[in-house]
Structures are given as C-alpha cells and as structure tokens.
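Chemist: File name target_32.cif; file contents mmCIF, C-alpha atoms; full text below.
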data_coords
#
loop_
_atom_site.label_atom_id
_atom_site.label_comp_id
_atom_site.auth_asym_id
_atom_site.auth_seq_id
_atom_site.Cartn_x
_atom_site.Cartn_y
_atom_site.Cartn_z
CA MET A 27 5.56 3.71 -7.65
CA LEU A 28 2.03 4.91 -8.29
CA SER A 29 -0.62 3.66 -10.70
CA LEU A 30 -3.24 5.86 -12.40
CA PHE A 31 -6.92 5.07 -12.85
CA VAL A 32 -9.57 7.40 -14.30
CA TYR A 33 -13.35 7.11 -14.02
CA ASN A 34 -16.04 9.02 -15.92
CA LYS A 35 -19.43 7.69 -16.95
CA ASP A 36 -18.73 9.19 -20.38
CA SER A 37 -16.15 6.86 -21.93
CA HIS A 38 -14.82 9.59 -24.23
CA GLU A 39 -14.31 12.00 -21.31
CA ALA A 40 -12.54 9.27 -19.32
CA GLU A 41 -10.22 8.56 -22.24
CA VAL A 42 -9.46 12.27 -22.80
CA LEU A 43 -8.60 12.89 -19.13
CA ASN A 44 -6.52 9.72 -18.97
CA ARG A 45 -4.61 10.78 -22.09
CA LYS A 46 -3.89 14.23 -20.64
CA CYS A 47 -2.68 12.71 -17.36
CA MET A 48 -0.43 10.23 -19.13
CA SER A 49 0.92 12.95 -21.40
CA HIS A 50 2.04 14.98 -18.37
CA ILE A 51 3.48 11.89 -16.65
CA ASP A 52 5.48 11.04 -19.79
CA GLU A 53 6.65 14.64 -20.33
CA THR A 54 7.89 14.94 -16.75
CA GLU A 55 9.45 11.45 -16.88
CA LYS A 56 7.52 10.12 -13.89
CA SER A 57 7.36 6.39 -13.21
CA ILE A 58 4.01 4.65 -13.36
CA ASP A 59 2.98 1.07 -12.60
CA LYS A 60 -0.46 0.43 -14.09
CA ASN A 61 -2.88 2.65 -16.01
CA ASP A 62 -6.49 2.29 -17.13
CA PHE A 63 -9.74 4.24 -17.46
CA PHE A 64 -13.32 3.19 -16.73
CA ASP A 65 -16.87 4.29 -17.61
CA ASP A 66 -18.43 1.79 -15.18
CA THR A 67 -17.94 2.03 -11.40
CA GLN A 68 -18.58 -1.70 -10.99
CA LYS A 69 -15.62 -2.52 -13.24
CA LEU A 70 -13.44 -0.14 -11.22
CA VAL A 71 -14.52 -1.70 -7.93
CA SER A 72 -14.02 -5.22 -9.32
CA MET A 73 -10.47 -4.28 -10.32
CA LEU A 74 -9.79 -3.32 -6.70
CA ASP A 75 -10.44 -6.90 -5.59
CA ASP A 76 -7.04 -7.87 -6.99
CA PHE A 77 -5.17 -4.59 -6.62
CA GLU A 78 -3.43 -3.53 -3.40
CA ALA A 79 -0.80 -0.98 -4.45
CA PRO A 80 -1.07 2.80 -3.93
CA ALA A 81 -2.58 4.67 -6.87
CA LEU A 82 -3.94 8.01 -8.06
CA TYR A 83 -7.66 7.86 -8.88
CA MET A 84 -9.30 10.60 -10.97
CA LEU A 85 -13.00 10.18 -10.21
CA GLU A 86 -16.00 11.98 -11.66
CA LYS A 87 -18.61 12.72 -8.98
CA HIS A 88 -21.28 10.01 -8.98
CA ASP A 89 -23.99 8.65 -6.69
CA LYS A 90 -21.82 5.88 -5.25
CA LEU A 91 -18.74 8.08 -4.71
CA GLU A 92 -18.42 7.41 -0.98
CA GLY A 93 -18.71 3.65 -1.49
CA THR A 94 -16.11 3.73 -4.27
CA ALA A 95 -13.76 5.81 -2.10
CA GLY A 96 -14.17 3.32 0.74
CA LYS A 97 -13.20 0.44 -1.56
CA ILE A 98 -10.16 2.39 -2.76
CA TYR A 99 -8.92 3.11 0.77
CA ASP A 100 -9.65 -0.47 1.85
CA ALA A 101 -7.40 -1.67 -0.99
CA ASN A 102 -4.62 0.74 0.03
CA ASP A 103 -4.99 3.63 2.43
CA HIS A 104 -2.02 5.42 0.82
CA SER A 105 -3.95 6.02 -2.40
CA TYR A 106 -5.00 9.45 -3.68
CA ILE A 107 -8.41 10.54 -4.96
CA VAL A 108 -8.85 13.59 -7.18
CA LEU A 109 -12.47 14.62 -7.73
CA VAL A 110 -13.53 15.72 -11.20
CA LEU A 111 -16.56 18.03 -10.88
CA SER A 112 -18.68 19.59 -13.60
CA SER A 113 -19.19 22.82 -11.64
CA PRO A 114 -18.01 24.56 -8.44
CA GLU A 115 -21.49 24.06 -6.97
CA GLN A 116 -20.78 20.34 -6.60
CA LEU A 117 -17.86 21.00 -4.28
CA LEU A 118 -19.69 21.20 -0.93
CA GLU A 119 -21.67 18.02 -1.48
CA SER A 120 -18.64 16.07 -2.72
CA VAL A 121 -15.98 16.72 -0.08
CA THR A 122 -16.68 14.41 2.86
CA PRO A 123 -14.46 12.74 5.49
CA SER A 124 -14.85 9.38 3.78
CA VAL A 125 -13.75 10.71 0.38
CA ARG A 126 -10.79 12.87 1.54
CA PRO A 127 -9.87 14.27 -1.91
CA SER A 128 -6.24 15.14 -2.63
CA GLY A 129 -7.30 17.60 -5.30
CA ILE A 130 -10.25 19.02 -7.24
CA LEU A 131 -10.67 19.43 -10.98
CA ILE A 132 -13.54 21.50 -12.39
CA GLY A 133 -13.95 19.78 -15.74
CA SER A 134 -11.03 18.04 -17.43
CA THR A 135 -9.82 20.65 -19.89
CA ASP A 136 -7.26 22.59 -17.81
CA ASP A 137 -3.98 20.90 -18.68
CA GLY A 138 -2.04 23.14 -16.32
CA ARG A 139 -4.23 22.28 -13.35
CA ILE A 140 -4.08 18.56 -14.20
CA GLY A 141 -0.28 18.69 -14.30
CA LYS A 142 -0.07 20.65 -11.04
CA ILE A 143 -2.21 18.10 -9.18
CA ILE A 144 -0.22 15.16 -10.56
CA ASP A 145 3.06 16.85 -9.53
CA GLU A 146 1.75 17.49 -6.01
CA VAL A 147 0.53 13.90 -5.62
CA TYR A 148 3.85 12.46 -6.79
CA GLU A 149 5.79 14.79 -4.49
CA ASP A 150 3.64 13.78 -1.51
CA HIS A 151 4.03 10.09 -2.35
CA ALA A 152 7.82 10.45 -2.64
CA ARG A 153 7.93 12.36 0.66
CA SER A 154 5.84 9.65 2.32
CA CYS A 155 8.27 6.99 1.09
CA ARG A 156 11.28 8.98 2.34
CA THR A 157 9.78 9.63 5.77
CA SER A 158 9.18 5.92 6.36
CA VAL A 159 12.42 5.97 8.31
CA ARG A 160 14.12 2.73 9.21
CA ASP A 161 13.54 3.01 12.96
CA GLU A 162 9.76 3.44 12.71
CA CYS A 163 6.95 1.82 10.78
CA ILE A 164 4.45 4.45 9.64
CA PHE A 165 0.95 3.37 8.62
CA ARG A 166 -2.63 4.60 8.46
CA ILE A 167 -5.80 3.27 10.00
CA ARG A 168 -9.01 4.95 8.84
CA GLY A 169 -7.05 8.00 7.73
CA ALA A 170 -5.19 8.50 11.02
CA GLU A 171 -1.40 8.12 10.98
CA TYR A 172 0.27 5.75 13.44
CA LYS A 173 3.91 4.94 14.16
CA THR A 174 5.54 2.04 15.94
CA ALA A 175 9.22 1.25 16.36
CA TYR A 176 10.52 -1.55 14.17
CA LYS A 177 12.44 -2.93 17.15
CA ASP A 178 9.09 -3.62 18.85
CA ILE A 179 7.60 -5.50 15.88
CA ILE A 180 7.88 -9.27 16.24
CA LEU A 181 6.00 -10.41 13.17
CA ILE A 182 4.34 -8.91 10.09
CA GLU A 183 1.44 -10.97 8.80
CA VAL A 184 -0.83 -10.53 5.78
CA GLN A 185 -4.36 -11.91 6.09
CA ASN A 186 -7.36 -11.22 3.86
CA LYS A 187 -5.54 -8.33 2.12
CA LYS A 188 -4.80 -6.70 5.47
CA ILE A 189 -1.53 -6.27 7.32
CA LYS A 190 -1.20 -7.32 10.95
CA LEU A 191 1.75 -5.92 12.89
CA HIS A 192 2.39 -8.13 15.90
CA THR A 193 4.27 -6.02 18.43
CA ARG A 194 5.38 -6.74 21.99
CA SER A 195 2.27 -5.00 23.36
CA GLN A 196 -0.52 -5.20 20.74
CA ILE A 197 -1.57 -6.01 17.18
CA PHE A 198 -2.18 -3.27 14.60
CA GLU A 199 -4.32 -4.08 11.55
CA PHE A 200 -4.51 -1.91 8.42
CA CYS A 201 -4.88 -2.11 4.64
CA ASP A 202 -1.67 -2.42 2.63
CA SER A 203 0.37 -5.01 0.76
CA LEU A 204 3.23 -6.98 2.29
CA GLU A 205 5.51 -5.88 -0.57
CA SER A 206 4.79 -2.22 0.18
CA VAL A 207 5.46 -2.60 3.92
CA MET A 208 8.71 -4.49 3.30
CA ARG A 209 10.15 -1.66 1.20
CA SER A 210 11.04 0.22 4.39
CA THR A 211 11.76 -2.58 6.87
CA PRO A 212 15.30 -3.00 8.29
CA ASP A 213 17.45 -5.91 7.12
CA CYS A 214 16.62 -7.94 10.23
CA PHE A 215 13.10 -8.52 8.84
CA VAL A 216 13.11 -11.66 6.69
CA ARG A 217 10.25 -13.16 4.75
CA ILE A 218 9.64 -16.78 5.71
CA HIS A 219 6.30 -17.44 4.00
CA LYS A 220 3.97 -15.74 1.53
CA SER A 221 2.02 -14.51 4.57
CA TYR A 222 4.79 -13.85 7.14
CA VAL A 223 7.79 -11.61 7.69
CA VAL A 224 9.66 -12.16 10.95
CA ASN A 225 11.94 -9.89 12.94
CA THR A 226 14.98 -12.16 13.36
CA ASN A 227 15.86 -10.45 16.64
CA TYR A 228 12.94 -12.40 18.13
CA VAL A 229 13.97 -15.76 16.67
CA ARG A 230 15.22 -18.28 19.23
CA LEU A 231 15.65 -21.41 17.07
CA VAL A 232 15.36 -22.41 13.44
CA ASN A 233 14.77 -26.06 12.58
CA TYR A 234 15.45 -26.52 8.87
CA LYS A 235 14.45 -30.17 8.91
CA GLU A 236 10.97 -29.49 10.26
CA LYS A 237 10.82 -26.04 8.62
CA THR A 238 9.88 -24.30 11.87
CA ILE A 239 10.94 -21.15 13.68
CA ARG A 240 10.60 -20.77 17.42
CA LEU A 241 10.30 -17.20 18.62
CA THR A 242 11.41 -15.80 21.97
CA ASP A 243 7.82 -16.05 23.29
CA ASP A 244 7.91 -19.80 22.41
CA SER A 245 5.39 -19.45 19.58
CA VAL A 246 6.20 -21.54 16.50
CA LEU A 247 5.92 -20.55 12.85
CA TYR A 248 6.36 -22.67 9.74
CA PHE A 249 8.46 -21.36 6.90
CA SER A 250 8.01 -22.46 3.30
CA ARG A 251 10.55 -24.25 1.14
CA LYS A 252 10.64 -21.21 -1.15
CA TYR A 253 12.03 -18.95 1.59
CA GLY A 254 14.07 -21.53 3.50
CA ALA A 255 17.27 -20.94 1.51
CA GLU A 256 16.98 -17.17 1.96
CA LEU A 257 16.47 -17.62 5.68
CA LYS A 258 19.49 -19.90 6.00
CA GLU A 259 21.66 -17.49 4.01
CA TYR A 260 20.61 -14.60 6.23
CA PHE A 261 21.60 -16.37 9.44
CA LYS A 262 24.82 -17.61 7.86
CA ASN A 263 25.83 -14.08 6.87
CA THR A 264 24.86 -12.52 10.19
CA LEU A 265 26.41 -15.33 12.26
CA LYS A 266 23.33 -15.75 14.43
CA GLU A 267 24.21 -18.23 17.18
CA ASN A 268 20.60 -19.19 17.87
CA CYS A 269 20.22 -20.87 14.49
CA PHE A 270 20.96 -24.47 13.55
#
Show me the file's structure as structure tokens.
Modeler:
Amino acid sequence: MLSLFVYNKDSHEAEVLNRKCMSHIDETEKSIDKNDFFDDTQKLVSMLDDFEAPALYMLEKHDKLEGTAGKIYDANDHSYIVLVLSSPEQLLESVTPSVRPSGILIGSTDDGRIGKIIDEVYEDHARSCRTSVRDECIFRIRGAEYKTAYKDIILIEVQNKKIKLHTRSQIFEFCDSLESVMRSTPDCFVRIHKSYVVNTNYVRLVNYKEKTIRLTDDSVLYFSRKYGAELKEYFKNTLKENCF
C-alpha cells in the first residue's frame, strides 16, 4: 500500500494538488496508507526520519531537490517521485540520476495528467509486489535491481533502518522496512525478534529455556519472549525434528 505526500513552497498550491490527487485516488477506489502535504522541505525531511514505507511524493522543484530525493530513497528505495515544474524549461535541470522521477507535471492544474500519473504509479507498484516471487528476493541498491534466492538467505536483519540479508555467500544491505520485506518471504521465514527474521531451514537447535537459536553454521541468536510462542507453534506444526 502506498502513501502520498505533496510538497510546494506555496501552502495553497500544495493543498490544491494534494486535494486533486486524493480526489482521483478516492474516485478510482485505490488504497492509501498515509497522506499529508508540506510547504517546508525541512518538515518533509524530518517526517522521513520515522517513515520507512514506500510512497508517492509530488515535489515542486526547489534548490535542495537532490538532497530531498536522496532522503526519500534512503527511507525506502521503492518510493516514487513526481516532479512538479512551473515550465518545460525546468525539465533539463531537474531530471538527474539522483532524482529519478517517475513522472513530470507542468503546473498542477491538469486533472487528467495527475490521474494518469497516479494510475501508472499504482500499476507499477502492484506489478512490483506481484513479481516479488516466492523463490527470489528482489531488492534495490542505489537504484539497481538485485535478486537472490530465498533458499540461500539464512537471516534477515534490520539495523539502523536498513535491511541486511545474510546469505550463504555474502551480506546485502539496502533501505527498506522489515515488514515490507516479510510480505513476500516464504513460510519458512519466521520472525524471532524485532530485528531478526530467520530461515528455519538453517536452524539446528532451539532452546526455549535460554531463548536461543543455534544455526547450522553454529552461530547463536536470541529470540524475544514476544516471538517465542510463534516460533514454538511453527516448529510444532511443521514437525521439525531439530527443535526441542
């Protein structure tokens, strides 16, 4: 599910564009998580400190555009940026590799164009969710798409708002939320802690008394009381013999 955020230094213009976007979203019965509009880039950037989900950002061109875009992609690299320009002449100086716009609006008065861009963004997001097939984990690092087989992932860790995929050969690090990554993981991936999801195919022993898990490489992880019951239920239902 996407969120929508609009920025324009003119508060009235930001409100008008946000209203038009929300009108189209409501009319086409699209789902939306959070919505807000800003006339201050610092407030937008501050919001990103506590926001990790994918979103659609409608941004007026401004002096700190590249920095704002960087913060957005650091929060979640699956987000979309649509540039709102006052004239076509601004196009060449606004489209850069670091901004990577998903669409361009010249002004904010063309309701048809606004709706078309929103439809295209939602379709791409839905396609991205569908193509996260269960045998591969698909993620982005600095705009480049990577894939790794779920069967090769031992552990998924979240640290400082970044995901670390621990595989049999290397560690991949990228910006996303643990909740978002878990939406496409196979059933053998079980959360054991607010910061860890483990592939149970690599679990050798579970000690419920000491709240520890020993993996096949002999590394040891602690699981929290909150997730202990879920872990025990999983192994009970799957009849894993390496659990006690």
Chemist: Could you tell me which residues the PyMOL selection byres ((chain A and resi 165) around 9) grabs in this file, written as JSON, numbers by chain?
Modeler: {"A": [103, 104, 158, 163, 164, 166, 167, 170, 171, 172, 173, 174, 200, 201, 202, 207]}
Chemist: Measuring between only C-alpha atoms, which one of A:Lys220, A:Leu109, A:Asp100, A:Leu118 shows the shortest distance to Arg168 (chain A)?
Modeler: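 Closest to Arg168 (chain A) of all the choices is A:Asp100.
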Chemist: Once the PyMOL selection byres ((chain A and resi 102) around 10) has been evaluated on this model, what residues remain selected, and can you format them as a ChimeraX atom specification?
Modeler: /A:74,77-81,96-101,103-106,166,187-188,200-203,206
Chemist: State, in Å with one decimal place, the distance from CA of Arg217 (chain A) to CA of Gln185 (chain A).
Modeler: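 We find that CA of Arg217 (chain A) and CA of Gln185 (chain A) lie 14.7 Å from each other.
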Chemist: When you count only C-alpha atoms, which of these residues is closest to Glu55 (chain A): A:Ala175, A:Asn227, A:Tyr253, A:Tyr148?
Modeler: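 Result for the nearest residue to Glu55 (chain A): A:Tyr148.
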Chemist: Would you compute the distance between CA of Ser57 (chain A) and CA of Ser154 (chain A)? Give it in Å to one decimal.
Modeler: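 Taking CA of Ser57 (chain A) as the start and CA of Ser154 (chain A) as the end point, the length is 15.9 Å.
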Chemist: Evaluate the PyMOL selection byres ((chain A and resi 132) around 10) and record the selected residues as a count of residues only, following the chain and residue labels used in the document.
Modeler: 17
Chemist: Could you tell me which of A:Leu43, A:Leu204, A:Met27, A:Leu257 comes closest to Val229 (chain A) if we count only C-alpha atoms?
Modeler: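 Of A:Leu43, A:Leu204, A:Met27, A:Leu257, the one nearest Val229 (chain A) is A:Leu257, counting only C-alpha atoms.
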Chemist: One decimal, in Å: what's the spacing between CA of Thr193 (chain A) and CA of Leu181 (chain A)?
Modeler: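 According to the coordinates, CA of Thr193 (chain A) and CA of Leu181 (chain A) are separated by 7.1 Å.
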Chemist: Could you tell me which of A:Ser72, A:Asn61, A:Thr67, A:Asn225 comes closest to Leu30 (chain A) if we count all atoms listed in the file?
Modeler: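 Of the candidates, the smallest distance to Leu30 (chain A) is held by A:Asn61.
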Chemist: A:Lys235, A:Arg230, A:Arg153, A:Lys142: which is nearest Ile180 (chain A), counting only C-alpha atoms?
Modeler: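 Selected residue with least distance to Ile180 (chain A): A:Arg230.
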Chemist: Between A:Tyr33, A:Tyr260, A:Phe198, A:Phe64, which one has atoms that come closest to Lys87 (chain A), using all atoms listed in the file?
Modeler: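 Nearest candidate to Lys87 (chain A) out of A:Tyr33, A:Tyr260, A:Phe198, A:Phe64: A:Tyr33.
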Chemist: Name the residues within 9 Å of (-8.6, 6.6, -16.7), counting all atoms listed in the file in the file's coordinates, and put them as an mmCIF file with C-alpha atoms, keeping the file's coordinate frame.
Modeler:
data_model
loop_
_atom_site.group_PDB
_atom_site.id
_atom_site.type_symbol
_atom_site.label_atom_id
_atom_site.label_comp_id
_atom_site.auth_asym_id
_atom_site.auth_seq_id
_atom_site.Cartn_x
_atom_site.Cartn_y
_atom_site.Cartn_z
ATOM 1 C CA LEU A 30 -3.240 5.860 -12.400
ATOM 2 C CA PHE A 31 -6.920 5.070 -12.850
ATOM 3 C CA VAL A 32 -9.570 7.400 -14.300
ATOM 4 C CA TYR A 33 -13.350 7.110 -14.020
ATOM 5 C CA ASN A 34 -16.040 9.020 -15.920
ATOM 6 C CA ALA A 40 -12.540 9.270 -19.320
ATOM 7 C CA GLU A 41 -10.220 8.560 -22.240
ATOM 8 C CA VAL A 42 -9.460 12.270 -22.800
ATOM 9 C CA LEU A 43 -8.600 12.890 -19.130
ATOM 10 C CA ASN A 44 -6.520 9.720 -18.970
ATOM 11 C CA ARG A 45 -4.610 10.780 -22.090
ATOM 12 C CA CYS A 47 -2.680 12.710 -17.360
ATOM 13 C CA ASN A 61 -2.880 2.650 -16.010
ATOM 14 C CA ASP A 62 -6.490 2.290 -17.130
ATOM 15 C CA PHE A 63 -9.740 4.240 -17.460
ATOM 16 C CA PHE A 64 -13.320 3.190 -16.730
ATOM 17 C CA ASP A 65 -16.870 4.290 -17.610
ATOM 18 C CA TYR A 83 -7.660 7.860 -8.880
ATOM 19 C CA MET A 84 -9.300 10.600 -10.970
ATOM 20 C CA LEU A 85 -13.000 10.180 -10.210
#
Chemist: Kindly provide, as AutoDock Vina command-line options, the centre and edge lengths (Å, one decimal) of an axis-aligned box around all atoms of region 85-95 of chain A given in the file, with 5 Å on each side.
Modeler:
--center_x -18.5 --center_y 8.2 --center_z -6.3 --size_x 21.0 --size_y 19.1 --size_z 20.7
